[in-house]
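Just below is one structure, and these are the notes that go with it.
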Amino acid sequence: MVSAGVLQLWALAGLAAVLVAEGDYHLVIAPQSPVVEIGTNFTATCMIINTTEVTADDLFWKLSETTVPKEQYMKISRSALNVTVAIRNENSEWLYCTCEKQSHYFFLNKGKFIHGIWLRKGYRPEKPKNLSCIAVQEGTQISPSISCQWEAVGPQTEAVPTNYTLFVKKRTNDKIYSASKRGPTNSIQVDLEVFPHFDSLDIWVVAQNDLGKEESEHLIKYAQYFVKTNPPSDVEVISEAAFPTSLVVNWSHPIIKVYVDLIYQIRFRQLRSHIWTYVPLEDTSRYIESFRLQDLQPYTDYVTQVRCKCSVKDYGYWSDWSKNAIKRTPEDKPKSKPDLWKITTEGGINKRQIEFICKDPELSNGIIRRFNITIQIKKDKSKNGSWESIQVNRSVPDFNRIQEEVTRLKKIDLADEQSVYVIVTAINSVGASPWKVLIFDPKRNEPPVEKMEVRSHKGQLWLEWKPPNRTVSEYVVEWVSGGEIDWQRENGNSNGTVIKGDIKPFVCYNVSVYPIYSGRIGKPVHQQAYVEQGAPLQGPTVNLSGDPGRNSAVLVWEEIPLTARRGFITNYTIHWKNATGICVKTVPANTTSYTLTSLSHNTKYDIWINVSTVAGSYKGPNHSFTTLKYAPGEIEAIVVGASLGFLFIVLMTMLLCFYKKDVIKENFWPQIPNPGESTIGNWSPDYPLKAEAPRENCLSGISVLNVDMCDAKCVFDEDKASLPLKKDKYLSEEHSSGIGGSSCMSSPRQSVSDSDEGGDMADTTASTIQYSSVVAASSGYKGQNPSSLPQQSIFSRSESTQPLLDCEENQDTLVQETSRQCFQRQPCFTPNVGNESTTNGDGFNPLEMEQQEVLDFCPLEEDTEQTAPTECQSDEWISAPVSSYMPQLGGYRPQ
């Protein structure tokens with residue numbers, strides 16, 4: 001140990017002397033520019049030279065920008081300090097030695113107190129493995145260059161790369177050939193000047209870098225071991241008509257036997273297959289140029305290839321395969337049955353139409369020229385037992401076709417319960433195939449498969465089902481898309497399969513599985529499937545069913561075509577929009593109509609429908625409509641209601657008029673008295689009236705009352721002003737003509753003023769009506785004492801144009817009301833005890849005239865609110881029924 005430390009010190013001293021000679025530095029690190037191995041520890045020494053300002057205690061180490069902990073330091077002497085660092089990453093970096101000292105010299109010469117070394121990191125090389133070499137054919141000889149490759153073991157870094165050197169040594173003369181490559185590589189080619197066909201070679205490779213070197217295992221082999229020739233040339237396949245199941249293969253040797261003795265290998269396959277069949281080596285392991293392939297399929301295209309290698313066992317490399325040689329075997333009669341199937345469609349009521357279709361036999365062994373078919377229908381002897389030949393025009397078959405060609409044989413019509421028995425055979429240029437039988441019997445009710453499931457997986461449709469509880473001879477898997485149909489047959493023991501036909505994405509297939517029971521077709525099970533789904537290509541066109549309502553509209557649409565769906569429809573999304581917003585409703589896929597409710601009246605709406613699948617959706621075209629302002633029938637209901645209301649009012653008015661006709665007649669059409677019925681026309685002032693007995697309807701029952709002399713006060717105060725006028729009128733010298741009125745005291749006589757038109761005037765209300773009354777002029781009437789002197793009768797008349805009042809029509813009622821108003825007043829007269837009636841010399845009874853005057857002045861309805869005079873003396877008052885002479889009273893009103 002002491003000697004090693006001494007040697008290290010002497011080495012450091014020598015290195016320091018060299019550095020002093022190169023420059024004026026105070027610190028130096030040894031070793032200089034080291035290559036360090038990743039995963040190891042590296043030790044460096046820092047020495048102080050040419051100064052005593054600092055010691056080893058003032059030194060410290062830095063790895064890149066990181067200060068190395070002092071625990072990794074080791075002080076060798078007062079002027080030397082070691083450090084040990086671990087090399088972990090692959091990045092090369094700097095290792096610095098520096099110091100810190102508080103002195104003027106250190107401050108002025110700080111650059112002399114730092115030194116660094118660059119650490120190059122790398123890996124030691126490892127031994128190359130799996131060395132192999134090859135010599136290929138160039139032209140008609142083997143190339144003089146030999147190429148070798150190996151497996152490089154272990155990592156490398158850019159700072160410390162590994163160099164590889166390939167060595168080839170000829171064993172006969174020990175001559176060595178070599179070639180090198182720097183950096184990561186695993187193959188090198190060495191030129192041997194001439195290939196040594198009959199010599200042994202020793203080959204190895206050496207890996208070396210700054211951290212060491214490694215040598216691979218030596219590969220010592222005979223030179224033929226490394227040879228690889230070209231593939232056989234001029235490969236040709238020949239067919240012979242007499243041998244439909246064989247082909248003859250011919251080829252040429254790629255190199256002469258002098259250089260390499262070859263053996264051969266042959267493989268072949270059908271053109272549509274990807275599986276190769278290899279001819280056993282024991283049949284071709286010799287130096288040959290032809291071979292016959294046997295047990296092939298007649299009338300089938302085959303692809304054939306040939307290769308070769310050195311005949312020495314385990315020596316040399318197989319050449320590449322020759323180019324494809326394609327040849328078809330000759331024709332032979334069909335060895336398998338034709339693939340017979342049927343298409344069933346509805347043919348009418350209780351009928352169906354069946355079309356029989358067929359594929360060529362799988363082993364047709366040639367071009368099918370025709371099919372022979374016989375159809376036997378139960379209970380129809382006219383179509384039983386006869387063979388029919390159906391010619392087919394086939395060109396040379398295209399073996400690249402995935403889907404086989406389908407031949408449509410014959411269509412027949414069957415009743416629902418009829419069964420049919422069909423036999424078909426296929427015929428080519430050599431012979432006929434075996435028979436194929438198909439039985440269609442709906443009465444047998446053969447059971448179907450159970451729990452069929454179709455799923456898509458890796459671009460194919462996979463089927464699984466549960467077999468029925470009967471022995472099934474085979475299954476027919478059918479798939480239909482649009483007008484195209486295809487099918488395949490599966491073994492009766494299977495419970496699933498994958499469809500082998502040309503299945504396209506985004507196309508809906510109706511997949512069916514039929515169990516076949518010894519030729520009899522069982523009931524099928526159907527299911528739709530997509531091998532891949534996509535978004536629809538178009539959306540549904542929406543329309544209205546009928547006219548829109550006030551608050552609702554019925555939408556209808558049709559399903560989009562099957563070719564445009566590209567997947568299973570999951571739902572429809574209905575959108576309707578107006579000026580205020582948009583509404584959305586999702587409905588199931590089986591819906592083709594929907595009723596929009598709660599719409600605004602008299603509003604324009606835009607509607608459209610999105611159709612969706614699992615892969616996306618598509619928007620249909622827009623459709624616009626405007627809701628009604630009024631609901632259907634609403635206007636009619638208003639009109640009918642108003643009409644019924646009006647009719648009800650009219651009917652009620654008519655009923656009211658009918659029940660109140662008298663009141664209406666009295667108010668609107670008052671009855672004018674007939675002057676012809678008036679009794680005043682029966683007397684005249686020209687001759688005195690005879691005393692007549694009182695009539696029942698006139699003055700009968702008149703009572704004579706004692707009247708006080710204050711009879712003037714019996715008149716109401718408001719009528720006092722009119723009394724002089726009334727008196728003057730009653731004292732008038734004029735006489736009534738008797739035309740307008742009637743009196744119970746008058747006698748029938750033509751008035752002096754009558755004319756020929758008097759009768760007409762009595763019948764109209766538009767003529768002037770003359771009212772007449774008889775008054776008695778008495779000096780004691782107006783507040784004067786009565787006198788026994790004879791009184792002169794005065795005939796007074798009125799020529800008022802006022803129409804007669806209704807008292808002329810309803811005399812009894814009016815007279816009773818008037819009498820009640822007259823006689824219910826506070827009487828100012830006392831009744832007289834006598835009832836005698838006296839007359840004057842002229843035939844007039846003064847008392848009757850006075851009574852008549854009093855009655856003429858009886859107040860009518862408008863006077864009922866007048867009060868009776870308060871100052872009165874007892875006198876006589878006439879009390880008599882007024883029913884007989886009130887017509888004159890009701891028709892008279894003082895002017």
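Within each chain, counting starts at residue 1; across the structure tokens, chains are named A, B, ... in the order shown, with ligands numbered 1 upward in that order.
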So that I can check the surroundings of segment 562-574 of chain A, please list as a compact mmCIF listing (two decimals) with all heavy atoms, in the first residue's frame every protein, DNA and RNA residue that reaches within 10 Å of it, counting only C-alpha atoms and ignoring chain neighbours fewer than 6 positions away.
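Writing done, so here's around-v6.txt:
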# COMPACT_ATOMS: atom_id res chain seq x y z
N SER A 481 -80.51 -9.12 -49.78
CA SER A 481 -80.39 -7.66 -49.73
C SER A 481 -80.91 -7.11 -51.04
O SER A 481 -80.34 -7.36 -52.10
CB SER A 481 -78.93 -7.24 -49.53
OG SER A 481 -78.81 -5.83 -49.61
N GLY A 482 -82.02 -6.36 -50.95
CA GLY A 482 -82.63 -5.85 -52.16
C GLY A 482 -83.13 -7.02 -53.01
O GLY A 482 -83.88 -7.87 -52.57
N PRO A 505 -70.55 -3.29 -46.25
CA PRO A 505 -70.95 -2.43 -45.13
C PRO A 505 -72.12 -1.52 -45.51
O PRO A 505 -72.35 -1.24 -46.69
CB PRO A 505 -69.68 -1.63 -44.83
CG PRO A 505 -68.93 -1.61 -46.12
CD PRO A 505 -69.23 -2.91 -46.80
N PHE A 506 -72.85 -1.09 -44.51
CA PHE A 506 -73.98 -0.15 -44.63
C PHE A 506 -75.14 -0.73 -45.43
O PHE A 506 -76.01 0.01 -45.88
CB PHE A 506 -73.54 1.18 -45.26
CG PHE A 506 -72.25 1.72 -44.73
CD1 PHE A 506 -71.23 2.08 -45.59
CD2 PHE A 506 -72.06 1.86 -43.37
CE1 PHE A 506 -70.03 2.59 -45.10
CE2 PHE A 506 -70.86 2.36 -42.87
CZ PHE A 506 -69.86 2.72 -43.73
N VAL A 507 -75.16 -2.04 -45.62
CA VAL A 507 -76.24 -2.71 -46.35
C VAL A 507 -76.97 -3.62 -45.38
O VAL A 507 -76.35 -4.37 -44.62
CB VAL A 507 -75.70 -3.51 -47.54
CG1 VAL A 507 -76.83 -4.27 -48.24
CG2 VAL A 507 -75.01 -2.58 -48.53
N CYS A 508 -78.31 -3.54 -45.41
CA CYS A 508 -79.14 -4.36 -44.53
C CYS A 508 -79.36 -5.73 -45.19
O CYS A 508 -79.79 -5.81 -46.33
CB CYS A 508 -80.48 -3.68 -44.26
SG CYS A 508 -81.56 -4.63 -43.15
N GLN A 528 -82.67 -9.35 -39.24
CA GLN A 528 -81.95 -8.36 -40.04
C GLN A 528 -80.63 -8.01 -39.36
O GLN A 528 -80.53 -7.99 -38.12
CB GLN A 528 -82.79 -7.09 -40.22
CG GLN A 528 -83.98 -7.27 -41.13
CD GLN A 528 -84.72 -5.98 -41.39
OE1 GLN A 528 -84.66 -5.05 -40.60
NE2 GLN A 528 -85.40 -5.90 -42.53
N ALA A 529 -79.63 -7.69 -40.18
CA ALA A 529 -78.30 -7.41 -39.63
C ALA A 529 -77.52 -6.52 -40.58
O ALA A 529 -77.75 -6.51 -41.80
CB ALA A 529 -77.53 -8.70 -39.37
N TYR A 530 -76.60 -5.74 -40.00
CA TYR A 530 -75.63 -4.93 -40.73
C TYR A 530 -74.23 -5.36 -40.28
O TYR A 530 -73.99 -5.55 -39.08
CB TYR A 530 -75.78 -3.44 -40.42
CG TYR A 530 -76.97 -2.77 -41.07
CD1 TYR A 530 -78.22 -2.77 -40.45
CD2 TYR A 530 -76.86 -2.12 -42.29
CE1 TYR A 530 -79.31 -2.14 -41.03
CE2 TYR A 530 -77.93 -1.49 -42.88
CZ TYR A 530 -79.16 -1.51 -42.26
OH TYR A 530 -80.22 -0.88 -42.84
N VAL A 531 -73.33 -5.51 -41.23
CA VAL A 531 -71.96 -5.80 -40.86
C VAL A 531 -71.27 -4.55 -40.34
O VAL A 531 -70.36 -4.61 -39.51
CB VAL A 531 -71.18 -6.41 -42.05
CG1 VAL A 531 -70.98 -5.39 -43.16
CG2 VAL A 531 -69.84 -6.96 -41.58
N GLU A 532 -71.73 -3.38 -40.81
CA GLU A 532 -71.24 -2.09 -40.31
C GLU A 532 -72.33 -1.05 -40.56
O GLU A 532 -72.93 -1.01 -41.64
CB GLU A 532 -69.95 -1.68 -41.01
CG GLU A 532 -69.38 -0.37 -40.51
CD GLU A 532 -68.11 0.03 -41.25
OE1 GLU A 532 -67.60 -0.79 -42.04
OE2 GLU A 532 -67.63 1.16 -41.03
N GLN A 533 -72.59 -0.21 -39.55
CA GLN A 533 -73.63 0.79 -39.67
C GLN A 533 -73.02 2.18 -39.86
O GLN A 533 -71.90 2.46 -39.39
CB GLN A 533 -74.52 0.81 -38.41
CG GLN A 533 -75.27 -0.49 -38.18
CD GLN A 533 -76.33 -0.36 -37.12
OE1 GLN A 533 -77.23 0.46 -37.20
NE2 GLN A 533 -76.22 -1.19 -36.08
N GLY A 534 -73.77 3.03 -40.56
CA GLY A 534 -73.34 4.41 -40.79
C GLY A 534 -74.51 5.35 -40.63
O GLY A 534 -75.65 4.95 -40.36
N ALA A 535 -74.24 6.63 -40.79
CA ALA A 535 -75.29 7.64 -40.71
C ALA A 535 -76.18 7.57 -41.95
O ALA A 535 -75.71 7.23 -43.04
CB ALA A 535 -74.68 9.04 -40.58
N PRO A 536 -77.47 7.87 -41.82
CA PRO A 536 -78.37 7.81 -42.99
C PRO A 536 -77.94 8.77 -44.08
O PRO A 536 -77.27 9.79 -43.84
CB PRO A 536 -79.74 8.20 -42.41
CG PRO A 536 -79.62 7.92 -40.94
CD PRO A 536 -78.19 8.19 -40.59
N LEU A 537 -78.34 8.45 -45.32
CA LEU A 537 -78.01 9.29 -46.46
C LEU A 537 -79.08 10.33 -46.75
O LEU A 537 -78.84 11.27 -47.52
CB LEU A 537 -77.81 8.43 -47.71
CG LEU A 537 -76.63 7.46 -47.67
CD1 LEU A 537 -76.58 6.64 -48.95
CD2 LEU A 537 -75.32 8.21 -47.47
N GLN A 538 -80.26 10.21 -46.17
CA GLN A 538 -81.32 11.18 -46.38
C GLN A 538 -82.26 11.15 -45.18
O GLN A 538 -82.25 10.20 -44.39
CB GLN A 538 -82.10 10.91 -47.67
CG GLN A 538 -82.97 9.66 -47.64
CD GLN A 538 -83.69 9.42 -48.95
OE1 GLN A 538 -83.07 9.17 -49.97
NE2 GLN A 538 -85.00 9.49 -48.91
N GLY A 539 -83.03 12.24 -45.06
CA GLY A 539 -83.98 12.33 -43.97
C GLY A 539 -85.40 12.19 -44.46
O GLY A 539 -85.67 12.31 -45.66
N PRO A 540 -86.33 11.91 -43.56
CA PRO A 540 -87.73 11.74 -43.96
C PRO A 540 -88.37 13.06 -44.37
O PRO A 540 -88.05 14.12 -43.82
CB PRO A 540 -88.40 11.17 -42.71
CG PRO A 540 -87.54 11.63 -41.59
CD PRO A 540 -86.15 11.71 -42.12
N VAL A 542 -91.51 15.29 -44.28
CA VAL A 542 -92.69 15.41 -43.41
C VAL A 542 -93.77 16.21 -44.11
O VAL A 542 -93.49 17.17 -44.84
CB VAL A 542 -92.30 16.06 -42.06
CG1 VAL A 542 -91.76 17.46 -42.26
CG2 VAL A 542 -93.49 16.09 -41.10
N LEU A 555 -98.70 15.38 -38.10
CA LEU A 555 -97.57 15.19 -38.99
C LEU A 555 -97.51 13.73 -39.44
O LEU A 555 -97.72 12.82 -38.63
CB LEU A 555 -96.25 15.56 -38.29
CG LEU A 555 -96.18 16.92 -37.61
CD1 LEU A 555 -94.81 17.12 -37.00
CD2 LEU A 555 -96.51 18.03 -38.58
N CYS A 583 -88.98 23.86 -30.64
CA CYS A 583 -89.32 22.75 -29.77
C CYS A 583 -88.84 21.45 -30.42
O CYS A 583 -88.77 21.34 -31.64
CB CYS A 583 -90.83 22.68 -29.52
SG CYS A 583 -91.51 24.13 -28.68
N VAL A 584 -88.51 20.48 -29.58
CA VAL A 584 -87.96 19.21 -30.04
C VAL A 584 -88.71 18.08 -29.36
O VAL A 584 -89.01 18.15 -28.16
CB VAL A 584 -86.45 19.11 -29.74
CG1 VAL A 584 -85.90 17.76 -30.19
CG2 VAL A 584 -85.69 20.23 -30.42
N LYS A 585 -89.00 17.02 -30.13
CA LYS A 585 -89.66 15.83 -29.59
C LYS A 585 -89.05 14.61 -30.27
O LYS A 585 -88.94 14.56 -31.49
CB LYS A 585 -91.17 15.88 -29.85
CG LYS A 585 -91.92 14.64 -29.40
CD LYS A 585 -91.88 14.47 -27.88
CE LYS A 585 -92.69 13.26 -27.45
NZ LYS A 585 -92.65 13.09 -25.98
N THR A 586 -88.64 13.62 -29.46
CA THR A 586 -88.07 12.38 -29.98
C THR A 586 -89.11 11.28 -29.88
O THR A 586 -89.72 11.09 -28.83
CB THR A 586 -86.81 12.00 -29.18
OG1 THR A 586 -85.83 13.05 -29.31
CG2 THR A 586 -86.21 10.71 -29.72
N VAL A 587 -89.30 10.57 -30.99
CA VAL A 587 -90.28 9.49 -31.05
C VAL A 587 -89.58 8.21 -31.46
O VAL A 587 -88.50 8.24 -32.06
CB VAL A 587 -91.43 9.83 -32.03
CG1 VAL A 587 -92.19 11.05 -31.56
CG2 VAL A 587 -90.90 10.05 -33.44
N PRO A 588 -90.16 7.04 -31.15
CA PRO A 588 -89.51 5.76 -31.48
C PRO A 588 -89.37 5.56 -32.99
O PRO A 588 -90.00 6.23 -33.80
CB PRO A 588 -90.44 4.72 -30.84
CG PRO A 588 -91.22 5.46 -29.81
CD PRO A 588 -91.37 6.85 -30.32
N ALA A 589 -88.56 4.55 -33.33
CA ALA A 589 -88.26 4.30 -34.75
C ALA A 589 -89.45 3.75 -35.51
O ALA A 589 -89.51 3.86 -36.73
CB ALA A 589 -87.08 3.32 -34.86
N ASN A 590 -90.41 3.12 -34.80
CA ASN A 590 -91.56 2.55 -35.50
C ASN A 590 -92.71 3.54 -35.65
O ASN A 590 -93.83 3.17 -35.97
CB ASN A 590 -92.06 1.31 -34.75
CG ASN A 590 -92.43 1.63 -33.30
OD1 ASN A 590 -92.23 2.75 -32.83
ND2 ASN A 590 -92.96 0.66 -32.59
N THR A 591 -92.47 4.82 -35.43
CA THR A 591 -93.49 5.85 -35.52
C THR A 591 -93.38 6.56 -36.87
O THR A 591 -92.28 6.92 -37.30
CB THR A 591 -93.34 6.88 -34.39
OG1 THR A 591 -93.36 6.19 -33.14
CG2 THR A 591 -94.45 7.90 -34.42
N THR A 592 -94.53 6.74 -37.52
CA THR A 592 -94.55 7.48 -38.78
C THR A 592 -95.57 8.61 -38.77
O THR A 592 -95.86 9.18 -39.82
CB THR A 592 -94.86 6.54 -39.96
OG1 THR A 592 -96.11 5.86 -39.70
CG2 THR A 592 -93.75 5.52 -40.15
N TYR A 594 -97.27 11.86 -35.93
CA TYR A 594 -97.26 12.48 -34.61
C TYR A 594 -98.14 13.72 -34.64
O TYR A 594 -98.19 14.42 -35.67
CB TYR A 594 -95.84 12.87 -34.19
CG TYR A 594 -95.74 13.41 -32.78
CD1 TYR A 594 -95.79 12.56 -31.69
CD2 TYR A 594 -95.60 14.77 -32.55
CE1 TYR A 594 -95.71 13.04 -30.40
CE2 TYR A 594 -95.53 15.27 -31.27
CZ TYR A 594 -95.57 14.40 -30.19
OH TYR A 594 -95.50 14.88 -28.92
N LEU A 596 -98.86 17.36 -33.18
CA LEU A 596 -98.36 18.49 -32.42
C LEU A 596 -99.53 19.18 -31.74
O LEU A 596 -100.55 19.45 -32.36
CB LEU A 596 -97.64 19.48 -33.34
CG LEU A 596 -96.45 18.95 -34.14
CD1 LEU A 596 -95.87 20.06 -35.00
CD2 LEU A 596 -95.39 18.40 -33.22
N ILE A 607 -91.20 22.96 -39.75
CA ILE A 607 -90.99 21.65 -39.14
C ILE A 607 -90.00 20.86 -39.99
O ILE A 607 -89.95 21.01 -41.20
CB ILE A 607 -92.31 20.87 -38.98
CG1 ILE A 607 -93.03 20.75 -40.32
CG2 ILE A 607 -93.20 21.50 -37.95
CD1 ILE A 607 -94.26 19.88 -40.27
N TRP A 608 -89.21 20.01 -39.33
CA TRP A 608 -88.33 19.06 -40.00
C TRP A 608 -88.06 17.91 -39.04
O TRP A 608 -88.28 18.02 -37.83
CB TRP A 608 -87.03 19.71 -40.47
CG TRP A 608 -86.13 20.16 -39.37
CD1 TRP A 608 -85.14 19.46 -38.76
CD2 TRP A 608 -86.15 21.46 -38.73
NE1 TRP A 608 -84.53 20.22 -37.80
CE2 TRP A 608 -85.12 21.45 -37.76
CE3 TRP A 608 -86.93 22.60 -38.90
CZ2 TRP A 608 -84.87 22.54 -36.95
CZ3 TRP A 608 -86.66 23.69 -38.09
CH2 TRP A 608 -85.65 23.67 -37.13
N ILE A 609 -87.59 16.81 -39.58
CA ILE A 609 -87.37 15.60 -38.80
C ILE A 609 -85.96 15.10 -39.06
O ILE A 609 -85.52 15.00 -40.21
CB ILE A 609 -88.40 14.52 -39.14
CG1 ILE A 609 -89.82 15.00 -38.77
CG2 ILE A 609 -88.10 13.22 -38.41
CD1 ILE A 609 -90.90 14.00 -39.09
N ASN A 610 -85.25 14.77 -37.98
CA ASN A 610 -83.94 14.12 -38.06
C ASN A 610 -84.12 12.63 -37.83
O ASN A 610 -84.80 12.23 -36.87
CB ASN A 610 -82.98 14.69 -37.02
CG ASN A 610 -82.52 16.09 -37.37
OD1 ASN A 610 -82.94 16.66 -38.37
ND2 ASN A 610 -81.67 16.66 -36.55
N VAL A 611 -83.50 11.82 -38.68
CA VAL A 611 -83.52 10.37 -38.51
C VAL A 611 -82.14 9.95 -38.03
O VAL A 611 -81.12 10.45 -38.51
CB VAL A 611 -83.92 9.66 -39.82
CG1 VAL A 611 -82.97 10.01 -40.95
CG2 VAL A 611 -83.97 8.15 -39.62
N SER A 612 -82.09 9.03 -37.05
CA SER A 612 -80.83 8.69 -36.39
C SER A 612 -80.59 7.19 -36.39
O SER A 612 -81.53 6.39 -36.30
CB SER A 612 -80.83 9.20 -34.94
OG SER A 612 -81.02 10.60 -34.89
N THR A 613 -79.32 6.84 -36.51
CA THR A 613 -78.83 5.48 -36.27
C THR A 613 -77.76 5.56 -35.19
O THR A 613 -77.47 6.65 -34.67
CB THR A 613 -78.25 4.86 -37.56
OG1 THR A 613 -77.08 5.61 -37.96
CG2 THR A 613 -79.27 4.89 -38.69
N VAL A 614 -77.16 4.42 -34.86
CA VAL A 614 -76.11 4.44 -33.84
C VAL A 614 -74.87 5.18 -34.33
O VAL A 614 -74.03 5.58 -33.52
CB VAL A 614 -75.74 3.00 -33.43
CG1 VAL A 614 -76.90 2.33 -32.74
CG2 VAL A 614 -75.29 2.19 -34.64
N ALA A 615 -74.76 5.38 -35.64
CA ALA A 615 -73.56 6.03 -36.19
C ALA A 615 -73.76 7.49 -36.52
O ALA A 615 -72.80 8.17 -36.87
CB ALA A 615 -73.09 5.29 -37.44
N GLY A 616 -74.97 8.03 -36.43
CA GLY A 616 -75.19 9.44 -36.75
C GLY A 616 -76.62 9.70 -37.13
O GLY A 616 -77.51 8.83 -37.00
N SER A 617 -76.88 10.91 -37.61
CA SER A 617 -78.24 11.31 -37.98
C SER A 617 -78.19 12.15 -39.24
O SER A 617 -77.12 12.60 -39.68
CB SER A 617 -78.90 12.10 -36.84
OG SER A 617 -78.17 13.29 -36.57
N TYR A 618 -79.39 12.39 -39.82
CA TYR A 618 -79.50 13.19 -41.03
C TYR A 618 -80.79 14.01 -40.93
O TYR A 618 -81.83 13.51 -40.49
CB TYR A 618 -79.54 12.31 -42.27
CG TYR A 618 -79.31 13.06 -43.57
CD1 TYR A 618 -78.04 13.18 -44.10
CD2 TYR A 618 -80.36 13.65 -44.24
CE1 TYR A 618 -77.82 13.87 -45.28
CE2 TYR A 618 -80.16 14.34 -45.42
CZ TYR A 618 -78.88 14.45 -45.94
OH TYR A 618 -78.67 15.14 -47.10
N LYS A 619 -80.71 15.28 -41.36
CA LYS A 619 -81.84 16.20 -41.27
C LYS A 619 -82.67 16.13 -42.54
O LYS A 619 -82.16 16.20 -43.64
CB LYS A 619 -81.32 17.62 -41.05
CG LYS A 619 -82.41 18.70 -41.03
CD LYS A 619 -81.79 20.07 -40.82
CE LYS A 619 -82.83 21.17 -40.89
NZ LYS A 619 -83.40 21.28 -42.24
N GLY A 620 -83.98 15.98 -42.36
CA GLY A 620 -84.89 15.95 -43.48
C GLY A 620 -85.25 17.35 -43.96
O GLY A 620 -84.91 18.36 -43.31
### Query
Quick one: residues within 7 Å of segment 117-126 of chain A, only C-alpha atoms counted, chain neighbours fewer than 2 positions away excluded, as a ChimeraX atom specification?
/A:32-38,90-96,128,153-157,159-160,162,207-209,211-214
Now that the selection is made, can you save its residues with C-alpha atoms as a PDB file, in the first residue's frame?
ATOM      1  CA  GLN A  32      -6.800  14.240 -17.886  1.00  0.00           C
ATOM      2  CA  SER A  33      -9.782  13.624 -20.351  1.00  0.00           C
ATOM      3  CA  PRO A  34     -10.840  10.323 -18.842  1.00  0.00           C
ATOM      4  CA  VAL A  35     -13.392   7.858 -20.353  1.00  0.00           C
ATOM      5  CA  VAL A  36     -15.573   6.587 -17.579  1.00  0.00           C
ATOM      6  CA  GLU A  37     -17.885   3.578 -17.593  1.00  0.00           C
ATOM      7  CA  ILE A  38     -21.486   4.168 -16.731  1.00  0.00           C
ATOM      8  CA  GLU A  90     -25.221   8.816 -20.046  1.00  0.00           C
ATOM      9  CA  ASN A  91     -24.620  12.552 -20.428  1.00  0.00           C
ATOM     10  CA  SER A  92     -20.989  13.640 -20.482  1.00  0.00           C
ATOM     11  CA  GLU A  93     -20.161  16.505 -18.090  1.00  0.00           C
ATOM     12  CA  TRP A  94     -17.394  18.604 -16.434  1.00  0.00           C
ATOM     13  CA  LEU A  95     -15.682  17.884 -13.105  1.00  0.00           C
ATOM     14  CA  TYR A  96     -14.150  21.012 -11.502  1.00  0.00           C
ATOM     15  CA  PRO A 128     -21.710 -10.177 -30.479  1.00  0.00           C
ATOM     16  CA  VAL A 153     -25.469  -6.844 -27.527  1.00  0.00           C
ATOM     17  CA  GLY A 154     -25.440  -3.994 -25.028  1.00  0.00           C
ATOM     18  CA  PRO A 155     -26.035  -0.238 -25.313  1.00  0.00           C
ATOM     19  CA  GLN A 156     -23.786   2.405 -26.785  1.00  0.00           C
ATOM     20  CA  THR A 157     -23.348   6.170 -26.344  1.00  0.00           C
ATOM     21  CA  ALA A 159     -19.384   9.829 -26.655  1.00  0.00           C
ATOM     22  CA  VAL A 160     -17.983   6.286 -26.577  1.00  0.00           C
ATOM     23  CA  THR A 162     -18.260   0.766 -30.497  1.00  0.00           C
ATOM     24  CA  ALA A 207     -16.501  -5.239 -30.943  1.00  0.00           C
ATOM     25  CA  GLN A 208     -14.136  -2.576 -29.485  1.00  0.00           C
ATOM     26  CA  ASN A 209     -14.253   0.949 -27.905  1.00  0.00           C
ATOM     27  CA  LEU A 211     -13.404   0.929 -22.513  1.00  0.00           C
ATOM     28  CA  GLY A 212     -12.403  -2.469 -24.017  1.00  0.00           C
ATOM     29  CA  LYS A 213     -13.166  -5.037 -26.715  1.00  0.00           C
ATOM     30  CA  GLU A 214     -15.042  -8.325 -27.154  1.00  0.00           C
TER      31      GLU A 214
END
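All residues of protein, DNA or RNA that reach within 10 Å of segment 463-466 of chain A, judged by only C-alpha atoms and not counting those fewer than 6 positions away in the chain, are Pro448, Val449, Glu450, Lys451, Met452, Glu453, Val454, Arg455, Ser456, Val477, Ser494, Asn495, Gly496, Thr497, Val498, Ile499, Val511, Ser512, Val513 and Val525 of chain A.
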### Query
Which parts of segment 17-263 of chain A does DSSP call alpha helix (DSSP H) when run on the backbone here, written out as a PyMOL selection string?
chain A and resi 17-22+104-108
### Message
Just want the 7 Å neighbourhood of Tyr302 of chain A, counted on only C-alpha atoms, with same-chain residues fewer than 4 positions away dropped. Output as a list in words.
### Response
Phe268, Arg269, Gln270, Leu271, Ile326, Lys327 and Arg328 of chain A
### Message
as a PyMOL selection string, please: every residue in segment 87-185 of chain A that DSSP puts in strand (DSSP E or B).
### Response
chain A and resi 93-99+114-122+129-138+141-142+145-151+163-170+176-182
### Task
Could you please determine the separation between atom CA of Asn428 of chain A and atom CA of Trp387 of chain A in Å, to one decimal place?
17.2 Å
### Query
What lies within 8 Å of segment 231-242 of chain A using only C-alpha atoms, ignoring chain neighbours under 2 positions off, as a PyMOL selection string?
chain A and resi 229+244+246-254+304-308+319-323+325-331
